[in-house]
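A quick write-up on the structure given underneath.
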Amino acid sequence: MRIQSLVMGVAATALAVTGTLSTAATVAAEELYVPSLSYRTGAFAGGGIPIANGFADYLNMLNARDGGIGGVKVNVEECETGYNAQKGVECYEATKGKGALVYNPYSTGITLQLIPKAPVDEIPILSMGYGLSAAAIGEKFPWTFTYPTSYWSQMSSILKYIDSNGGLKGKKIGFIYLDVGYGKEPIPLLDNLAPKLGFEVAKFPVGVKEMQSQGSQWLNVRKERPDWMIMWGWGAMNATAIKEAAKIRYPMDKFIGNWWSSAHADLKPVGDPGKGYLGANFSGIGTDYPALQDVIKHVVSAGNTQANPEDVGNVLYNRGLFNAVIVAEAIATAQKMTGKKVITGADMRVGLENFKLTDARLKELGLEGFTGAISGSCADHEGSGAVFIQQWDGSTFNKASDLISPMTDVVRPLLEEAANKYVADKPDWKGQTCG
Amino acid sequence: MFYREAGQFKTSYKADQAIFPILQDRVGLGLIIVAALLVPLFGSDFLINSFMIPFLIFALASIGLNILTGYCGQLSLGTGAFMGVGAYSCYKLATIFPDVNILIHILLSGFFAAGIGCVFGLPSLRIKGLYLAITTLAAQFFLEWCFIRIPWLYNYNDSGAIEVPTRTLLSVPITGPSATPSVRYYVILAMIIGLTWIASNIIRGRIGRSWMMIRDMDIAAELMGIKPLNAKLSAFAVSSYFCGVAGALMVFMWLGAAEVESFSINVSFQVLFMVIIGGMGSLIGCFLGAAFIFGLPIFVRALPEMMGLAVNASTVDHISRMVIGALIIFFLIVEPHGFARLWQIVKEKLRNWPFPYG
């Protein structure tokens with residue numbers, strides 16, 4: 001009894017003491033604060049870790065090499081979301097007061113929660129190639145960006161690739177997707193384009209709980225015999241799907257993953273049976289870029305990273321790095337336009353609408369050929385960036401096509417329609433007019 | 001010395017049967033309510049939005065589950081789904097009848113959850129204990145399936161998520177992104193106080209007593225004239241009502257948008273842990289349990305930063321999981337009946353303390 005009450009007393013005092021410790025604000029006055037909502041834990045950590053590393057490493061490289069952006073250091077602070085929307089919002093609330101410039105949620109679920117909050121708190125959201133496709137319409141979503149392209153545009157690029165490799169007309173396209181907001185996102189576009197372009201769609205949803213046991217879905221694939229398979233998967237779902245596809249001898253070179261379903265982390269566990277598997281991508285592979293060499297020199301070799309040196313240059317690492325490039329470019333643009341060194345979220349929004357990542361600028365940054373040129377604009381928040389198709393050779397990815405630009409003429413009206421629908425039941429939603 | 005009721009004479013039946021017959025309890029509760037009212041004046045938005053609001057909402061959900069599990073003895077794993085029913089019905093009501101005040105919708109949405117709860121409570125008349133837990137688990141999976149597969153429930157939204165429109169009370173926005181955390185907090189606080197008061201009165205009355213008789217020995221209760229059908233189904237209905245209102249509050253007052261993931265089996269377990277850690281069959285336990293299970297991870301995660309240590313976000317997450325697991329086991333070993341019992345022991349000690357004898 002004595003010991004028990006003693007232990008309880010110690011526990012109680014410990015709680016009381018730590019509770020009274022004040023939350024000392026450690027934010028320095030002169031810095032650019034960029035929160036990184038990362039997920040290094042949970043079922044999706046395999047994808048979350050390299051992205052978070054690439055993102056942080058590039059900005060830290062700028063700090064080490066150039067002393068920050070415009071002479072002001074960038075402070076990247078990670079907050080662990082576990083790919084969980086509630087924890088993501090918690091991270092948002094915890095960090096937004098520290099002068100956050102932009103949020104990169106890396107989760108469509110979290111993005112959907114943050115979209116209505118962004119105009120109120122005046123902090124833009126850059127959901128790079130994920131999130132709400134309709135956010136590409138800048139007039140309706142002034143605070144949300146999906147550079148370099150949206151899911152719908154990407155899907156149209158993939159369809160274009162299929163069209164140029166044997167034609168689309170009369171073909172059956174199988175669509176296997178993670179059955180959450182993310183996976184369902186491109187379905188309206190597929191349904192809309194199928195009659196127009198003359199193909200048939202068969203859908204195979206995979207619930208989060210059955211990510212690693214997809215036997216029944218692939219049995220259906222065998223029954224339906226689609227000519228092509230397109231996958232919108234994430235995390236543990238990808239490797240399982242490719243293994244199952246190999247098991248039923250589905251031809252790998254007819255199986256295309258989107259840009260979240262074709263990373264080294266997905267294909268390494270599959271290895272040789274995955275040979276020939278295709279995937280969409282918009283960021284370069286490997287470390288043969290001067291900017292990446294700088295990252296290796298200033299950050300990785302200096303031990304200032306959480307990344308394994310051999311993972312630098314992987315698909316998702318470079319994706320995170322590309323995200324950081326857009327953020328850095330937007331910050332620099334905002335600094336130039338406002339004349340301020342330390343900018344706010346509202347300035348950042350202007351920067352995101354006005355940065356120009358031309359081929360010449362990419363070369364200047366040491367990223368020649370890393371990605372297609374994109375530039376921000378008031379009306380177009382997706383940048384109409386192009387994707388290329390890459391192919392797994394059993395140990396790494398190689399570029400298998402040139403840049404394929406999306407079918408903007410078809411996709412844009414559909415995006416506008418979706419944006420109008422989103423805004424329709426929100427009478428006090430604030431859009432903007434673009435001159 | 002502090003908790004002595006000596007000298008407090010009851011001179012009427014009314015005084016004898018009051019919810020808080022002891023003066024100290026009334027003063028204490030008054031102080032807690034005043035403190036709760038003052039929180040927005042001193043607390044940051046983060047404290048209110050990430051701790052106080054969800055804490056109150058989960059306390060309400062725990063009250064719901066506690067009615068069923070703690071008072072009526074029916075184990076349920078479907079809490080998350082019943083919260084979802086409340087949230088989705090509130091969303092449908094709010095979009096179909098946009099002119100009706102949102103608070104009325106939130107209170108009404110509980111009735112939909114109560115109806116669904118009754119349906120899934122029917123097996124409890126034949127099966128008990130773990131077997132019943134399995135059927136409520138089935139309810140959880142079935143309802144989750146409905147939330148994904150019936151697009152009408154989320155108005156055919158492409159993303160499959162429900163998004164909260166801005167609604168006002170006395171022309172102050174109380175839901176949606178433009179509602180300030182303090183306003184939302186006060187609305188929730190008022191609702192939780194009202195609903196807890198209702199719950200405590202139901203539990204003290206005839207219905208609550210019939211639940212407890214069923215819990216303690218159902219055959220004896222039946223022999224004494226309690227109809228198991230009425231008692232068990234009313235427990236399911238009232239419990240689901242509270243869970244449904246909690247779910248509607250969670251989406252409309254806290255999250256702002258929700259996917260089916262927000263009502264997963266994990267939420268059911270979380271609420272069940274709150275009830276077990278807080279104390280079965282105790283209302284104060286619901287609040288203590290919710291504060292512990294929901295608040296501790298936030299506190300543990302914030303701790304390194306408060307102490308000025310630079311630790312990786314993921315490391316903090318791993319450590320917080322381990323610490324919380326260990327603390328749950330520690331508290332359950334020290335007091336298997338939960339925090340409510342611990343509080344009771346403290347009260348008994350305080351009668352005499354610091355003197356050795358009364």
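Each chain in the structure tokens gets a letter, A, B and so on, in the order shown; residues start at 1 in every chain, and ligands are counted from 1 in the order they appear.
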
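The protein and nucleic acid residues lying at most 8 Å from Ser375 in chain A are Asn354, Phe355, Lys356, Leu357, Thr358 and Gly383 of chain A, with only C-alpha atoms considered and sequence neighbours fewer than 6 positions away removed.
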
Since we have the selection now, will you write its residues out, keeping N, CA and C atoms, as a PDB file, in the first residue's frame?
ATOM      1  N   ASN A 354       2.241  33.006 -59.294  1.00  0.00           N
ATOM      2  CA  ASN A 354       3.054  33.753 -60.247  1.00  0.00           C
ATOM      3  C   ASN A 354       4.428  33.166 -60.554  1.00  0.00           C
ATOM      4  N   PHE A 355       4.803  32.057 -59.905  1.00  0.00           N
ATOM      5  CA  PHE A 355       6.148  31.551 -60.190  1.00  0.00           C
ATOM      6  C   PHE A 355       6.180  30.949 -61.595  1.00  0.00           C
ATOM      7  N   LYS A 356       7.389  30.983 -62.188  1.00  0.00           N
ATOM      8  CA  LYS A 356       7.560  30.441 -63.546  1.00  0.00           C
ATOM      9  C   LYS A 356       8.706  29.456 -63.501  1.00  0.00           C
ATOM     10  N   LEU A 357       8.379  28.190 -63.660  1.00  0.00           N
ATOM     11  CA  LEU A 357       9.415  27.164 -63.668  1.00  0.00           C
ATOM     12  C   LEU A 357       9.620  26.735 -65.117  1.00  0.00           C
ATOM     13  N   THR A 358      10.344  27.588 -65.853  1.00  0.00           N
ATOM     14  CA  THR A 358      10.582  27.289 -67.268  1.00  0.00           C
ATOM     15  C   THR A 358      11.753  26.309 -67.388  1.00  0.00           C
ATOM     16  N   GLY A 383      -1.408  23.974 -63.355  1.00  0.00           N
ATOM     17  CA  GLY A 383      -0.207  24.152 -64.151  1.00  0.00           C
ATOM     18  C   GLY A 383      -0.152  23.334 -65.414  1.00  0.00           C
TER      19      GLY A 383
END

Return as a compact mmCIF listing (two decimals) with C-alpha atoms, in the first residue's frame the residues belonging to chain B that are within 9 Å of chain A, counting only C-alpha atoms.
# COMPACT_ATOMS: atom_id res chain seq x y z
CA ASP B 45 -6.85 28.00 -30.16
CA PHE B 46 -4.82 24.83 -30.26
CA LEU B 47 -5.84 23.90 -26.72
CA ASN B 49 -9.58 22.96 -30.96
CA SER B 50 -7.32 20.00 -30.44
CA THR B 95 -28.55 19.84 -46.69
CA ILE B 148 -19.03 4.04 -48.59
CA ASN B 157 -19.82 13.90 -53.62
CA ASP B 158 -16.88 12.84 -55.80
CA SER B 159 -14.57 12.59 -52.83
CA GLY B 160 -17.00 10.52 -50.77
CA ALA B 161 -16.55 12.91 -47.87
CA GLU B 163 -18.38 18.63 -45.78
CA PRO B 165 -21.69 24.01 -44.49
CA THR B 166 -21.49 27.25 -42.53
CA GLY B 176 -18.00 25.63 -40.89
CA PRO B 177 -14.54 27.10 -41.28
CA SER B 178 -15.46 30.64 -40.24
CA LEU B 255 -13.58 18.10 -37.91
CA GLY B 256 -15.47 20.16 -40.47
CA ALA B 257 -15.36 17.31 -42.98
CA ALA B 258 -15.27 13.58 -42.57
CA GLU B 259 -14.74 10.40 -44.48
CA VAL B 260 -15.85 6.98 -43.39
CA GLU B 261 -12.43 6.56 -41.80
CA SER B 262 -13.48 8.91 -39.00
CA PHE B 299 0.22 15.93 -24.06
CA ALA B 302 3.82 18.18 -26.94
CA LEU B 303 6.09 17.33 -24.02
CA GLU B 305 8.80 20.67 -27.33
CA MET B 306 7.71 22.15 -24.00
CA MET B 307 10.97 21.00 -22.47
CA GLY B 308 12.90 22.42 -25.39
CA ASN B 312 11.87 13.80 -34.53
CA ALA B 313 8.12 13.88 -35.01
CA SER B 314 8.04 10.17 -35.78
CA THR B 315 10.11 9.27 -32.73
CA VAL B 316 7.73 11.25 -30.56
CA ASP B 317 4.84 9.33 -32.09
CA HIS B 318 6.47 5.97 -31.38
CA VAL B 334 -3.43 0.06 -9.72

Self-check item: range 99-108 of chain B environment, 7 Å, only C-alpha atoms, sequence neighbours closer than 5 positions dropped, as JSON, numbers by chain
Solution: {"B": [90, 93, 94, 167, 245, 248, 249]}

Quiz prompt | alpha helix (DSSP H) call set, DSSP backbone run, range 178-346 of chain A, as an MDAnalysis selection string | solution = chainID A and resid 181:184 187:197 215:224 236:247 264:267 290:295 315:338 345:346

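Between CA of Phe322 in chain A and CA of Leu367 in chain A the interatomic distance comes to 9.5 Å.
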
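Candidate residues B:Ala179, B:Ile67, B:Leu31, B:Ala113 were compared for distance to Arg209 in chain B, and the nearest is B:Ile67, using only C-alpha atoms.
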
Quiz item: What separation in Å, quoted to one decimal, exists between CA of Gly285 in chain B and CA of Ala340 in chain B?
Solution: 4.6 Å

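When CA of Asn165 in chain A is paired with CA of Lys254 in chain A, their separation reads 9.8 Å.
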
When you look at Leu59 in chain A with a cut-off of 7 Å (counting only C-alpha atoms), what residues show up, excluding the ones that are within fewer than 4 positions of it in the same chain? I need them as a CSV table (one decimal) with N, CA and C atoms, in the first residue's frame.
chain,number,residue,atom,x,y,z
A,55,PHE,N,11.6,16.3,-49.3
A,55,PHE,CA,11.1,17.7,-49.0
A,55,PHE,C,12.0,18.4,-48.1
A,63,ASN,N,19.4,26.0,-47.3
A,63,ASN,CA,19.9,26.7,-46.1
A,63,ASN,C,21.4,26.6,-46.0
A,74,VAL,N,15.1,28.8,-44.0
A,74,VAL,CA,13.9,28.1,-44.0
A,74,VAL,C,13.8,27.1,-42.8
A,324,ALA,N,9.4,20.5,-52.8
A,324,ALA,CA,10.2,21.6,-52.1
A,324,ALA,C,10.7,22.6,-53.1

Exercise. Quick one: everything within 6 Å of range 277-280 of chain B, counting only C-alpha atoms, minus sequence neighbours fewer than 3 positions away in the same chain. Send it as a ChimeraX atom specification.
Key: /B:70,273-274,285-286,288-289,337-340

Exercise. With a distance cut-off of 7 Å and only C-alpha atoms, select the neighbouring residues of Asp393 in chain A, excluding the residue or stretch itself and same-chain residues fewer than 4 positions from it, and output the selection as a PyMOL selection string.
Key: chain A and resi 275-276+397

Serialized selection, N, CA and C atoms, as a short mmCIF file (atom, residue, chain, number, x, y, z; two decimals), in the first residue's frame:
data_model
loop_
_atom_site.label_atom_id
_atom_site.label_comp_id
_atom_site.auth_asym_id
_atom_site.auth_seq_id
_atom_site.Cartn_x
_atom_site.Cartn_y
_atom_site.Cartn_z
N LYS A 275 8.68 -7.06 -63.54
CA LYS A 275 9.38 -6.54 -64.71
C LYS A 275 8.39 -6.13 -65.80
N GLY A 276 8.54 -4.92 -66.30
CA GLY A 276 7.65 -4.46 -67.36
C GLY A 276 6.53 -3.58 -66.85
N PHE A 397 13.54 1.94 -61.99
CA PHE A 397 12.64 2.47 -63.02
C PHE A 397 13.42 3.16 -64.12
#
